[in-house]
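Listing of start-v4.cif, mmCIF, C-alpha atoms and all ligand atoms
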```
data_data
loop_
_atom_site.label_atom_id
_atom_site.label_comp_id
_atom_site.auth_asym_id
_atom_site.auth_seq_id
_atom_site.Cartn_x
_atom_site.Cartn_y
_atom_site.Cartn_z
CA MET A 1 -70.82 54.24 -3.90
CA SER A 2 -73.51 54.14 -1.18
CA ASP A 3 -72.72 53.07 2.40
CA GLU A 4 -74.67 49.85 1.87
CA ALA A 5 -72.87 49.06 -1.40
CA LEU A 6 -69.51 49.77 0.28
CA LYS A 7 -70.36 47.50 3.23
CA SER A 8 -71.42 44.77 0.84
CA THR A 9 -68.17 45.10 -1.17
CA VAL A 10 -66.08 44.97 2.02
CA ARG A 11 -68.02 41.93 3.21
CA GLN A 12 -67.46 40.18 -0.13
CA ALA A 13 -63.71 40.79 0.20
CA MET A 14 -63.78 39.40 3.77
CA ARG A 15 -65.73 36.35 2.58
CA SER A 16 -63.20 35.48 -0.11
CA SER A 17 -60.35 35.67 2.47
CA ILE A 18 -62.35 33.42 4.80
CA ARG A 19 -62.95 30.84 2.06
CA ALA A 20 -59.18 30.26 2.02
CA ILE A 21 -59.06 29.18 5.71
CA ALA A 22 -58.24 25.50 6.02
CA PRO A 23 -60.11 23.22 8.42
CA MET A 24 -58.37 22.99 11.82
CA ASN A 25 -57.82 19.86 13.91
CA VAL A 26 -57.69 20.38 17.67
CA PRO A 27 -56.99 17.74 20.33
CA ILE A 28 -59.81 17.26 22.81
CA ILE A 29 -59.99 15.48 26.16
CA LYS A 30 -62.07 12.93 28.09
CA PRO A 31 -61.58 10.67 26.11
CA VAL A 32 -58.66 11.84 24.02
CA GLY A 33 -59.65 12.64 20.44
CA VAL A 34 -59.62 15.28 17.73
CA VAL A 35 -62.26 17.81 16.77
CA THR A 36 -62.22 19.23 13.25
CA LEU A 37 -63.41 22.79 12.73
CA ALA A 38 -64.40 24.12 9.32
CA ILE A 39 -66.55 26.79 7.72
CA ALA A 40 -70.03 25.27 7.39
CA GLN A 41 -71.24 24.66 3.85
CA PRO A 42 -74.90 25.45 3.06
CA HIS A 43 -75.83 21.75 3.03
CA GLN A 44 -74.57 21.58 6.66
CA PHE A 45 -76.84 24.39 7.94
CA ARG A 46 -79.47 21.76 8.78
CA CYS A 47 -76.92 20.00 11.07
CA MET A 48 -76.11 23.32 12.72
CA HIS A 49 -79.79 23.90 13.32
CA GLU A 50 -80.22 20.48 14.92
CA ILE A 51 -77.17 21.02 17.17
CA THR A 52 -78.44 24.48 18.14
CA ARG A 53 -81.89 23.14 19.04
CA GLN A 54 -80.44 20.26 21.09
CA ALA A 55 -77.88 22.43 22.87
CA PHE A 56 -80.28 25.23 23.82
CA ALA A 57 -83.12 22.87 24.82
CA GLU A 58 -81.82 23.01 28.43
CA TYR A 59 -82.98 26.64 28.61
CA ASP A 60 -86.56 25.86 27.53
CA GLY A 61 -88.83 27.52 30.11
CA LYS A 62 -85.86 28.47 32.32
CA LEU A 63 -84.82 31.91 31.02
CA ASN A 64 -86.74 35.15 31.44
CA PRO A 65 -86.79 36.55 28.81
CA PRO A 66 -86.51 33.25 26.92
CA SER A 67 -83.70 32.57 24.45
CA ALA A 68 -84.76 32.76 20.79
CA ALA A 69 -82.29 29.90 20.16
CA VAL A 70 -84.65 27.44 21.88
CA THR A 71 -87.28 27.76 19.15
CA ILE A 72 -85.17 28.99 16.25
CA THR A 73 -86.13 27.66 12.82
CA LEU A 74 -83.69 26.58 10.10
CA ASP A 75 -84.74 29.60 8.01
CA GLU A 76 -84.08 31.98 10.92
CA LEU A 77 -80.66 30.47 11.61
CA THR A 78 -79.77 30.64 7.90
CA GLN A 79 -80.93 34.26 7.80
CA GLN A 80 -78.78 35.07 10.85
CA MET A 81 -75.74 33.80 8.92
CA ALA A 82 -76.40 35.99 5.87
CA GLU A 83 -73.83 38.57 6.97
CA GLY A 84 -71.17 35.96 7.68
CA GLY A 85 -71.48 32.21 8.02
CA GLY A 86 -71.14 29.30 10.36
CA VAL A 87 -68.52 27.04 11.88
CA LEU A 88 -69.18 23.33 12.24
CA ALA A 89 -67.23 21.12 14.67
CA GLN A 90 -67.03 17.40 13.92
CA VAL A 91 -65.59 14.41 15.76
CA CYS A 92 -65.00 11.35 13.54
CA ASP A 93 -67.08 13.05 10.82
CA THR A 94 -70.03 13.44 13.22
CA PRO A 95 -71.28 17.01 13.76
CA VAL A 96 -71.06 17.88 17.47
CA GLY A 97 -70.90 21.65 17.77
CA SER A 98 -71.47 24.88 15.87
CA ALA A 99 -71.63 28.66 16.01
CA LEU A 100 -72.43 31.46 13.63
CA PHE A 101 -70.44 34.60 12.88
CA ARG A 102 -71.32 37.96 11.40
CA LEU A 103 -68.81 40.19 9.62
CA ARG A 104 -69.23 43.72 10.93
CA PRO A 105 -67.08 46.62 9.68
CA ASP A 106 -65.03 46.71 12.91
CA HIS A 107 -65.59 43.33 14.59
CA LEU A 108 -66.59 39.71 14.21
CA TYR A 109 -69.80 38.87 16.06
CA ILE A 110 -70.13 35.28 17.37
CA GLY A 111 -73.54 33.81 18.12
CA ARG A 112 -75.43 30.57 18.81
CA LEU A 113 -72.37 28.76 20.21
CA ALA A 114 -73.63 25.23 20.79
CA VAL A 115 -72.22 21.81 21.72
CA LEU A 116 -74.29 18.65 22.01
CA PRO A 117 -74.99 17.91 25.70
CA ALA A 118 -73.27 14.49 25.66
CA LEU A 119 -69.99 15.98 24.42
CA ARG A 120 -69.54 18.95 26.72
CA GLY A 121 -66.53 19.70 28.87
CA ARG A 122 -64.09 18.30 26.29
CA GLY A 123 -62.92 21.61 24.84
CA ILE A 124 -65.15 21.67 21.73
CA ALA A 125 -66.58 25.16 22.36
CA SER A 126 -63.06 26.37 23.16
CA ALA A 127 -61.85 25.01 19.82
CA ILE A 128 -64.71 26.79 18.01
CA LEU A 129 -63.76 30.07 19.74
CA ASP A 130 -60.12 29.59 18.67
CA TYR A 131 -61.20 28.96 15.07
CA MET A 132 -63.30 32.12 15.17
CA GLU A 133 -60.07 34.01 15.89
CA GLN A 134 -58.64 32.70 12.61
CA ILE A 135 -61.76 33.85 10.80
CA ALA A 136 -61.55 37.33 12.34
CA ALA A 137 -57.86 37.57 11.46
CA ALA A 138 -58.46 36.44 7.86
CA ALA A 139 -61.19 39.06 7.53
CA GLY A 140 -58.81 41.72 8.85
CA LEU A 141 -60.91 42.28 11.97
CA ALA A 142 -59.13 43.04 15.24
CA GLU A 143 -62.05 42.52 17.59
CA MET A 144 -64.52 39.76 18.39
CA ARG A 145 -67.79 40.31 20.25
CA LEU A 146 -70.49 38.09 21.69
CA GLY A 147 -73.41 38.28 24.07
CA THR A 148 -74.55 35.97 26.83
CA ARG A 149 -76.79 36.30 29.89
CA VAL A 150 -75.99 37.43 33.44
CA SER A 151 -77.61 34.16 34.56
CA MET A 152 -75.14 32.06 32.48
CA GLU A 153 -72.19 32.31 34.84
CA ARG A 154 -70.36 29.28 33.39
CA ASN A 155 -70.57 30.78 29.91
CA ILE A 156 -69.18 34.08 31.17
CA ALA A 157 -66.33 32.15 32.82
CA LEU A 158 -65.66 30.25 29.57
CA TYR A 159 -65.42 33.49 27.59
CA GLU A 160 -63.25 35.17 30.22
CA ARG A 161 -60.83 32.23 30.00
CA HIS A 162 -60.63 33.01 26.27
CA GLY A 163 -59.70 36.62 26.90
CA TYR A 164 -63.12 38.24 26.54
CA VAL A 165 -63.97 41.10 28.88
CA ILE A 166 -67.40 42.38 29.81
CA THR A 167 -68.14 45.70 28.14
CA SER A 168 -71.77 46.21 29.18
CA GLU A 169 -74.87 44.68 30.71
CA GLN A 170 -78.20 45.62 29.15
CA PRO A 171 -81.84 44.58 29.26
CA HIS A 172 -82.68 42.15 26.43
CA PRO A 173 -83.27 44.24 23.27
CA ALA A 174 -86.22 42.16 22.05
CA ALA A 175 -88.13 41.10 25.16
CA ALA A 176 -88.77 42.16 28.76
CA GLY A 177 -87.61 40.13 31.77
CA PRO A 178 -85.22 40.33 34.73
CA ASP A 179 -82.24 38.58 33.07
CA LYS A 180 -79.76 40.87 31.34
CA VAL A 181 -77.61 40.48 28.24
CA VAL A 182 -73.88 40.65 28.96
CA TRP A 183 -71.82 41.95 26.03
CA MET A 184 -68.22 40.74 25.89
CA THR A 185 -65.29 41.73 23.65
CA ARG A 186 -61.90 40.29 22.84
CA ARG A 187 -59.23 42.33 21.08
CA LEU A 188 -56.85 40.38 18.86
CA ASN A 189 -53.17 41.31 18.88
C1 LIG B 1 -71.57 26.71 26.52
C2 LIG B 1 -71.17 25.47 25.72
C3 LIG B 1 -71.13 25.86 24.24
C4 LIG B 1 -69.79 25.01 26.20
O1 LIG B 1 -69.40 23.91 25.37
P1 LIG B 1 -68.21 22.90 25.85
O2 LIG B 1 -67.71 22.24 24.60
O3 LIG B 1 -68.66 22.09 26.96
O4 LIG B 1 -67.12 23.96 26.36
P2 LIG B 1 -65.59 23.61 26.69
O5 LIG B 1 -65.44 22.15 26.91
O6 LIG B 1 -64.72 24.26 25.69
O7 LIG B 1 -65.43 24.37 28.05
C5 LIG B 1 -66.19 23.93 29.18
C6 LIG B 1 -66.70 25.16 29.83
O8 LIG B 1 -67.88 25.62 29.17
C7 LIG B 1 -68.69 26.29 30.15
N1 LIG B 1 -70.02 25.66 30.20
C8 LIG B 1 -71.17 26.38 30.23
N2 LIG B 1 -72.21 25.58 30.29
C9 LIG B 1 -71.75 24.31 30.33
C10 LIG B 1 -72.38 23.03 30.42
N3 LIG B 1 -73.72 22.92 30.49
N4 LIG B 1 -71.60 21.90 30.42
C11 LIG B 1 -70.24 22.01 30.34
N5 LIG B 1 -69.60 23.20 30.27
C12 LIG B 1 -70.35 24.34 30.26
C13 LIG B 1 -67.99 26.17 31.48
O9 LIG B 1 -67.21 27.34 31.66
C14 LIG B 1 -67.10 24.97 31.27
O10 LIG B 1 -65.98 25.00 32.09
P3 LIG B 1 -66.11 24.38 33.57
O11 LIG B 1 -66.46 22.94 33.38
O12 LIG B 1 -64.75 24.61 34.14
O13 LIG B 1 -67.21 25.13 34.25
C15 LIG B 1 -72.19 24.31 25.91
O14 LIG B 1 -72.31 24.05 27.30
C16 LIG B 1 -73.57 24.59 25.35
O15 LIG B 1 -73.84 24.29 24.17
N6 LIG B 1 -74.46 25.15 26.19
C17 LIG B 1 -75.86 25.43 25.78
C18 LIG B 1 -75.90 26.59 24.78
C19 LIG B 1 -75.21 27.82 25.32
O16 LIG B 1 -75.37 28.22 26.47
N7 LIG B 1 -74.45 28.48 24.42
C20 LIG B 1 -73.76 29.71 24.72
C21 LIG B 1 -74.71 30.84 24.66
S1 LIG B 1 -73.90 32.38 25.10
#
```
As structure tokens - that is how I would like this structure written.
Ligand SMILES: CC(C)(COP(=O)(O)OP(=O)(O)OC[C@H]1O[C@@H](n2cnc3c(N)ncnc32)[C@H](O)[C@@H]1OP(=O)(O)O)[C@@H](O)C(=O)NCCC(=O)NCCS
Amino acid sequence: MSDEALKSTVRQAMRSSIRAIAPMNVPIIKPVGVVTLAIAQPHQFRCMHEITRQAFAEYDGKLNPPSAAVTITLDELTQQMAEGGGVLAQVCDTPVGSALFRLRPDHLYIGRLAVLPALRGRGIASAILDYMEQIAAAAGLAEMRLGTRVSMERNIALYERHGYVITSEQPHPAAAGPDKVVWMTRRLN
């Protein structure tokens, strides 16, 4: 079996374990409520795209190099989930946050973490990160990785609170500019 075929078989096995993960309800604050996390179904990818566009709009014209998430299309987002999937966060059945994940042979990559501006600071992104741990565990992966920017100090602080550590800082792989990509990793027990 070729490397590619093997990777695809392993990914299929991971996907079927992930399908068995139940939605998770997490208490949130300010005001008190509950956020429900679940694996996004294909018909919900459009909601994820809308949340991503609204969440990343604050960076429009502010980052150098710019974030591809600001102008991402639905097709691009869907394509970026081809090696994994998405998580959708809902409050009272209303989509409020999302993130994508990719199943790599030795880690789960998390990307496009996004919460609608009006609902920030209530623990929704934290709940998504916790749910990602369940996905990694179900897939048999002991490590989670993500990237942010040196300029996004509050994001770095959020990830550090969740046990991620900085592993490297590198120039953006796709575009030139002074801001650097910060790669962070969290090992699961
Ligand atoms: C980063 C983000 C997902 C956090 O969502 P959230 O639901 O507010 O996060 P939580 O409530 O779980 O935790 C709040 C923490 O998020 C971090 N944070 C980063 N940007 C923030 C913002 N604009 N507003 C509120 N919190 C923010 C802070 O560490 C904050 O803690 P603090 O208030 O003590 O500084 C959200 O602000 C967002 O969508 N930002 C735009 C897109 C983005 O930067 N995504 C991450 C790319 S690496």
Which residues come within 8 Å of stretch 177-182 of chain A, counting all atoms listed in the file, excluding same-chain residues fewer than 3 positions away, as JSON, numbers by chain? {"A": [63, 64, 65, 147, 148, 149, 150, 151, 166, 167, 168, 169, 170, 171, 172]}
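Closest approach to ligand LIG 1 (chain B) from the set A:Arg53, A:Arg104, A:Lys62, A:Arg187 is made by A:Arg53, with distances taken over all atoms listed in the file.
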Test item: axis-aligned box, all listed atoms of ligand LIG 1 (chain B), 4 Å on each side, centre and edges in Å rounded to one decimal, as JSON:
```
{"center_x": -70.3, "center_y": 27.1, "center_z": 29.2, "size_x": 19.2, "size_y": 18.5, "size_z": 18.1}
```
Which protein, DNA or RNA residues have an atom within 8 Å of ligand LIG 1 (chain B), counting only C-alpha atoms and all ligand atoms, as a short mmCIF file (atom, residue, chain, number, x, y, z; two decimals) with C-alpha atoms, in the coordinates of the input?
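Contents of result_38.cif, as written:
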```cif
data_model
loop_
_atom_site.label_atom_id
_atom_site.label_comp_id
_atom_site.auth_asym_id
_atom_site.auth_seq_id
_atom_site.Cartn_x
_atom_site.Cartn_y
_atom_site.Cartn_z
CA THR A 52 -78.44 24.48 18.14
CA ALA A 55 -77.88 22.43 22.87
CA PHE A 56 -80.28 25.23 23.82
CA ALA A 57 -83.12 22.87 24.82
CA GLU A 58 -81.82 23.01 28.43
CA TYR A 59 -82.98 26.64 28.61
CA GLY A 97 -70.90 21.65 17.77
CA GLY A 111 -73.54 33.81 18.12
CA ARG A 112 -75.43 30.57 18.81
CA LEU A 113 -72.37 28.76 20.21
CA ALA A 114 -73.63 25.23 20.79
CA VAL A 115 -72.22 21.81 21.72
CA LEU A 116 -74.29 18.65 22.01
CA PRO A 117 -74.99 17.91 25.70
CA LEU A 119 -69.99 15.98 24.42
CA ARG A 120 -69.54 18.95 26.72
CA GLY A 121 -66.53 19.70 28.87
CA ARG A 122 -64.09 18.30 26.29
CA GLY A 123 -62.92 21.61 24.84
CA ILE A 124 -65.15 21.67 21.73
CA ALA A 125 -66.58 25.16 22.36
CA SER A 126 -63.06 26.37 23.16
CA ALA A 127 -61.85 25.01 19.82
CA LEU A 146 -70.49 38.09 21.69
CA GLY A 147 -73.41 38.28 24.07
CA THR A 148 -74.55 35.97 26.83
CA ARG A 149 -76.79 36.30 29.89
CA MET A 152 -75.14 32.06 32.48
CA GLU A 153 -72.19 32.31 34.84
CA ARG A 154 -70.36 29.28 33.39
CA ASN A 155 -70.57 30.78 29.91
CA ILE A 156 -69.18 34.08 31.17
CA ALA A 157 -66.33 32.15 32.82
CA LEU A 158 -65.66 30.25 29.57
CA TYR A 159 -65.42 33.49 27.59
#
```
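Across the model, the gap from atom CA of A:Leu108 to atom CA of A:Gln79 is 16.6 Å.
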Using only C-alpha atoms, can you tell me which of A:Ser8, A:Thr36, A:Gln134, A:Asn189 comes closest to A:Glu83? A:Ser8
